[in-house]
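Asks: Have a peek at input_27.csv (CSV, N, CA and C atoms).
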chain,number,residue,atom,x,y,z
W,1,MET,N,4.8,7.5,4.2
W,1,MET,CA,5.9,6.7,3.9
W,1,MET,C,6.9,7.4,3.0
W,2,GLU,N,8.2,7.3,3.3
W,2,GLU,CA,9.2,8.0,2.5
W,2,GLU,C,9.4,7.3,1.2
W,3,ALA,N,10.0,8.0,0.3
W,3,ALA,CA,10.2,7.4,-1.0
W,3,ALA,C,11.3,6.3,-1.0
W,4,ASP,N,12.3,6.4,-0.1
W,4,ASP,CA,13.3,5.4,0.0
W,4,ASP,C,12.7,4.1,0.6
W,5,ALA,N,11.8,4.2,1.6
W,5,ALA,CA,11.2,3.0,2.1
W,5,ALA,C,10.4,2.3,1.1
W,6,ALA,N,9.6,3.1,0.3
W,6,ALA,CA,8.8,2.4,-0.7
W,6,ALA,C,9.7,1.8,-1.8
W,7,ARG,N,10.8,2.4,-2.1
W,7,ARG,CA,11.7,1.8,-3.1
W,7,ARG,C,12.2,0.4,-2.6
W,8,TYR,N,12.6,0.4,-1.3
W,8,TYR,CA,13.1,-0.9,-0.7
W,8,TYR,C,12.1,-2.0,-0.7
W,9,ILE,N,10.9,-1.5,-0.3
W,9,ILE,CA,9.8,-2.5,-0.3
W,9,ILE,C,9.5,-3.0,-1.7
W,10,GLY,N,9.4,-2.2,-2.7
W,10,GLY,CA,9.2,-2.6,-4.1
W,10,GLY,C,10.3,-3.5,-4.6
W,11,ALA,N,11.5,-3.2,-4.3
W,11,ALA,CA,12.6,-4.1,-4.7
W,11,ALA,C,12.5,-5.4,-4.0
W,12,GLY,N,12.2,-5.4,-2.8
W,12,GLY,CA,12.0,-6.7,-2.1
W,12,GLY,C,10.9,-7.6,-2.6
W,13,ILE,N,9.8,-6.9,-3.0
W,13,ILE,CA,8.7,-7.7,-3.6
W,13,ILE,C,9.1,-8.2,-5.0
W,14,ALA,N,9.8,-7.4,-5.7
W,14,ALA,CA,10.3,-7.9,-7.0
W,14,ALA,C,11.3,-9.0,-6.9
W,15,ALA,N,12.1,-9.0,-5.8
W,15,ALA,CA,13.0,-10.1,-5.6
W,15,ALA,C,12.4,-11.4,-5.1
W,16,LEU,N,11.2,-11.3,-4.6
W,16,LEU,CA,10.5,-12.5,-4.2
W,16,LEU,C,10.3,-13.5,-5.3
W,17,ALA,N,10.3,-13.0,-6.5
W,17,ALA,CA,10.1,-13.9,-7.7
W,17,ALA,C,11.3,-14.9,-7.8
W,18,LEU,N,12.5,-14.5,-7.3
W,18,LEU,CA,13.7,-15.3,-7.4
W,18,LEU,C,13.5,-16.6,-6.6
W,19,GLY,N,12.8,-16.6,-5.6
W,19,GLY,CA,12.5,-17.8,-4.8
W,19,GLY,C,11.7,-18.8,-5.6
W,20,GLY,N,10.7,-18.2,-6.3
W,20,GLY,CA,9.9,-19.1,-7.2
W,20,GLY,C,10.7,-19.7,-8.3
W,21,ILE,N,11.6,-18.9,-8.8
W,21,ILE,CA,12.5,-19.4,-9.9
W,21,ILE,C,13.3,-20.6,-9.4
W,22,GLY,N,13.8,-20.5,-8.2
W,22,GLY,CA,14.6,-21.6,-7.7
W,22,GLY,C,13.8,-22.9,-7.5
W,23,ILE,N,12.5,-22.7,-7.1
W,23,ILE,CA,11.6,-23.8,-7.0
W,23,ILE,C,11.3,-24.4,-8.3
W,24,GLY,N,11.1,-23.5,-9.3
W,24,GLY,CA,10.8,-24.0,-10.7
W,24,GLY,C,12.0,-24.8,-11.3
W,25,LEU,N,13.2,-24.3,-11.1
W,25,LEU,CA,14.3,-25.0,-11.6
W,25,LEU,C,14.5,-26.3,-11.0
W,26,GLY,N,14.2,-26.4,-9.7
W,26,GLY,CA,14.3,-27.7,-9.0
W,26,GLY,C,13.3,-28.7,-9.5
W,27,GLN,N,12.1,-28.2,-9.8
W,27,GLN,CA,11.0,-29.0,-10.4
W,27,GLN,C,11.4,-29.5,-11.8
W,28,ILE,N,12.0,-28.7,-12.6
W,28,ILE,CA,12.3,-29.0,-14.0
W,28,ILE,C,13.4,-30.1,-14.0
W,29,PHE,N,14.5,-29.9,-13.2
W,29,PHE,CA,15.6,-30.9,-13.2
W,29,PHE,C,15.2,-32.2,-12.5
W,30,GLY,N,14.4,-32.0,-11.4
W,30,GLY,CA,13.9,-33.2,-10.7
W,30,GLY,C,13.0,-34.1,-11.6
W,31,SER,N,12.1,-33.5,-12.3
W,31,SER,CA,11.2,-34.2,-13.2
W,31,SER,C,12.0,-34.9,-14.3
W,32,TYR,N,13.0,-34.2,-14.9
W,32,TYR,CA,13.8,-34.8,-15.9
W,32,TYR,C,14.6,-36.0,-15.4
W,33,LEU,N,15.2,-35.8,-14.2
W,33,LEU,CA,16.0,-36.9,-13.6
W,33,LEU,C,15.1,-38.1,-13.3
W,34,SER,N,13.9,-37.9,-12.8
W,34,SER,CA,13.0,-39.0,-12.5
W,34,SER,C,12.5,-39.7,-13.8
W,35,GLY,N,12.2,-38.9,-14.8
W,35,GLY,CA,11.8,-39.6,-16.1
W,35,GLY,C,13.0,-40.3,-16.7
W,36,ALA,N,14.2,-39.7,-16.6
W,36,ALA,CA,15.3,-40.4,-17.3
W,36,ALA,C,15.7,-41.7,-16.5
W,37,LEU,N,15.5,-41.7,-15.2
W,37,LEU,CA,15.8,-43.0,-14.5
W,37,LEU,C,14.7,-44.0,-14.8
W,38,ARG,N,13.5,-43.6,-15.0
W,38,ARG,CA,12.5,-44.6,-15.3
W,38,ARG,C,12.6,-45.1,-16.7
W,39,ASN,N,12.9,-44.3,-17.7
W,39,ASN,CA,13.0,-44.7,-19.1
W,39,ASN,C,14.3,-44.1,-19.7
W,40,PRO,N,15.4,-44.7,-19.6
W,40,PRO,CA,16.7,-44.1,-20.0
W,40,PRO,C,16.7,-44.0,-21.6
W,41,SER,N,16.0,-44.7,-22.3
W,41,SER,CA,16.0,-44.6,-23.8
W,41,SER,C,15.3,-43.3,-24.2
W,42,ALA,N,14.4,-42.8,-23.4
W,42,ALA,CA,13.7,-41.5,-23.8
W,42,ALA,C,14.4,-40.3,-23.3
W,43,ALA,N,15.4,-40.4,-22.5
W,43,ALA,CA,16.1,-39.3,-22.0
W,43,ALA,C,16.7,-38.3,-23.0
W,44,PRO,N,17.4,-38.9,-24.0
W,44,PRO,CA,18.0,-37.9,-25.0
W,44,PRO,C,16.9,-37.1,-25.8
W,45,LYS,N,15.8,-37.7,-26.0
W,45,LYS,CA,14.7,-37.0,-26.7
W,45,LYS,C,14.2,-35.8,-25.8
W,46,GLN,N,14.2,-36.0,-24.5
W,46,GLN,CA,13.6,-35.0,-23.6
W,46,GLN,C,14.6,-33.9,-23.2
W,47,PHE,N,15.9,-34.1,-23.6
W,47,PHE,CA,17.0,-33.2,-23.2
W,47,PHE,C,16.7,-31.8,-23.8
W,48,THR,N,16.3,-31.7,-25.0
W,48,THR,CA,16.0,-30.4,-25.6
W,48,THR,C,14.9,-29.7,-24.8
W,49,ASN,N,13.9,-30.4,-24.4
W,49,ASN,CA,12.8,-29.8,-23.6
W,49,ASN,C,13.3,-29.3,-22.3
W,50,LEU,N,14.3,-30.1,-21.7
W,50,LEU,CA,14.9,-29.7,-20.4
W,50,LEU,C,15.6,-28.3,-20.6
W,51,LEU,N,16.4,-28.2,-21.7
W,51,LEU,CA,17.1,-27.0,-21.9
W,51,LEU,C,16.2,-25.8,-22.2
W,52,ILE,N,15.1,-26.0,-22.9
W,52,ILE,CA,14.2,-24.9,-23.2
W,52,ILE,C,13.5,-24.5,-21.9
W,53,GLY,N,13.1,-25.4,-21.1
W,53,GLY,CA,12.5,-25.1,-19.8
W,53,GLY,C,13.4,-24.3,-18.9
W,54,PHE,N,14.7,-24.8,-18.9
W,54,PHE,CA,15.7,-24.1,-18.1
W,54,PHE,C,15.9,-22.7,-18.6
W,55,ALA,N,16.0,-22.5,-19.9
W,55,ALA,CA,16.3,-21.2,-20.4
W,55,ALA,C,15.2,-20.2,-20.1
W,56,LEU,N,14.0,-20.7,-20.3
W,56,LEU,CA,12.8,-19.8,-20.1
W,56,LEU,C,12.7,-19.4,-18.6
W,57,THR,N,12.9,-20.4,-17.7
W,57,THR,CA,12.8,-20.1,-16.3
W,57,THR,C,13.9,-19.2,-15.8
W,58,GLU,N,15.1,-19.4,-16.3
W,58,GLU,CA,16.2,-18.6,-15.9
W,58,GLU,C,16.1,-17.2,-16.5
W,59,ALA,N,15.5,-17.1,-17.7
W,59,ALA,CA,15.3,-15.7,-18.2
W,59,ALA,C,14.3,-15.0,-17.4
W,60,THR,N,13.2,-15.6,-16.9
W,60,THR,CA,12.3,-15.0,-16.0
W,60,THR,C,12.9,-14.5,-14.8
W,61,GLY,N,13.8,-15.3,-14.2
W,61,GLY,CA,14.6,-14.9,-13.0
W,61,GLY,C,15.5,-13.7,-13.3
W,62,LEU,N,16.1,-13.7,-14.4
W,62,LEU,CA,16.9,-12.5,-14.8
W,62,LEU,C,16.1,-11.3,-15.0
W,63,PHE,N,14.9,-11.4,-15.6
W,63,PHE,CA,14.0,-10.2,-15.7
W,63,PHE,C,13.6,-9.7,-14.3
W,64,ALA,N,13.3,-10.6,-13.4
W,64,ALA,CA,12.9,-10.2,-12.1
W,64,ALA,C,14.0,-9.5,-11.4
W,65,LEU,N,15.2,-10.0,-11.5
W,65,LEU,CA,16.4,-9.4,-10.9
W,65,LEU,C,16.6,-8.0,-11.5
W,66,VAL,N,16.5,-7.8,-12.8
W,66,VAL,CA,16.7,-6.5,-13.4
W,66,VAL,C,15.6,-5.5,-13.0
W,67,ILE,N,14.4,-6.0,-12.8
W,67,ILE,CA,13.3,-5.1,-12.4
W,67,ILE,C,13.6,-4.7,-10.9
W,68,ALA,N,14.1,-5.6,-10.1
W,68,ALA,CA,14.4,-5.3,-8.7
W,68,ALA,C,15.5,-4.2,-8.7
W,69,PHE,N,16.5,-4.4,-9.5
W,69,PHE,CA,17.6,-3.4,-9.5
W,69,PHE,C,17.2,-2.1,-10.1
W,70,LEU,N,16.3,-2.1,-11.1
W,70,LEU,CA,15.8,-0.8,-11.6
W,70,LEU,C,15.0,-0.1,-10.5
W,71,ILE,N,14.2,-0.8,-9.8
W,71,ILE,CA,13.4,-0.1,-8.7
W,71,ILE,C,14.4,0.4,-7.6
W,72,LEU,N,15.4,-0.4,-7.3
W,72,LEU,CA,16.3,0.0,-6.2
W,72,LEU,C,17.2,1.2,-6.6
W,73,PHE,N,17.7,1.2,-7.8
W,73,PHE,CA,18.8,2.2,-8.1
W,73,PHE,C,18.3,3.3,-9.1
W,74,SER,N,17.1,3.4,-9.4
W,74,SER,CA,16.7,4.5,-10.3
W,74,SER,C,15.6,5.4,-9.6
Turn this file's structure into structure tokens for me.

Replies:
Amino acid sequence: MEADAARYIGAGIAALALGGIGIGLGQIFGSYLSGALRNPSAAPKQFTNLLIGFALTEATGLFALVIAFLILFS
């Protein structure tokens, strides 16, 4: 296997994590919306948890993207 082919395969595998990140963000916001519609008085208390979960999930996605670019272009 040539080095270029291995680089493309590695970058593709690293980019697969971005699909999981999309699923995770959908779960986070869907669960918050479901909970907020069931109990509107508790929604403001859970908003900080929503933002923390979003930030951590998005940071994981950015790390995966950076790793994919590092594999691809270095």

Asks: Could you list, as an MDAnalysis selection string, every residue within 8 Å of Ile71 in chain W, counting all atoms listed in the file and ignoring same-chain residues fewer than 4 positions away?

Replies: chainID W and resid 6:8 10:12 65:67

Asks: Rounded to one decimal, what separation in Å do you get between CA of Glu58 in chain W and CA of Ile21 in chain W?

Replies: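 Computing the Euclidean distance for CA of Glu58 in chain W and CA of Ile21 in chain W yields 7.1 Å.
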
Asks: Choose the residue, out of W:Met1, W:Ile9, W:Ala15, W:Ala55, that has the smallest atom-to-atom separation from Phe69 in chain W; count only C-alpha atoms.

Replies: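 Counting only C-alpha atoms, the residue closest to Phe69 in chain W is W:Ala15.
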
Asks: To one decimal place in Å, what is the distance between CA of Asn39 in chain W and atom N of Gly22 in chain W?

Replies: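 Answer for the CA of Asn39 in chain W to atom N of Gly22 in chain W separation: 26.6 Å.
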
Asks: With all atoms listed in the file as the atoms that count, which of W:Thr57, W:Ser41, W:Thr48, W:Ser74 lies nearest to Gly24 in chain W?

Replies: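 Closest to Gly24 in chain W, using all atoms listed in the file: W:Thr57.
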
Asks: Edge lengths and centre in Å to one decimal, as JSON, is what I'm after for the box along x, y and z that holds all listed atoms of range 32-46 of chain W once 6 Å is added on each side.

Replies:
{"center_x": 14.9, "center_y": -39.5, "center_z": -19.6, "size_x": 18.2, "size_y": 23.2, "size_z": 26.2}

Asks: Just to confirm, what's the straight-line distance from CA of Leu56 in chain W to atom N of Pro40 in chain W in Å (one decimal)?

Replies: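 So the answer is 25.0 Å.
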
Asks: Select, from W:Ala3, W:Leu16, W:Leu72, W:Ile28, the residue with the minimum atom-to-atom distance to Phe54 in chain W, counting all atoms listed in the file.

Replies: W:Ile28

Asks: Have a look at W:Asp4, W:Leu70, W:Leu62, W:Ile52 and name the one nearest to Phe29 in chain W; count only C-alpha atoms.

Replies: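 Checking each candidate against Phe29 in chain W, we get W:Ile52 as the closest.
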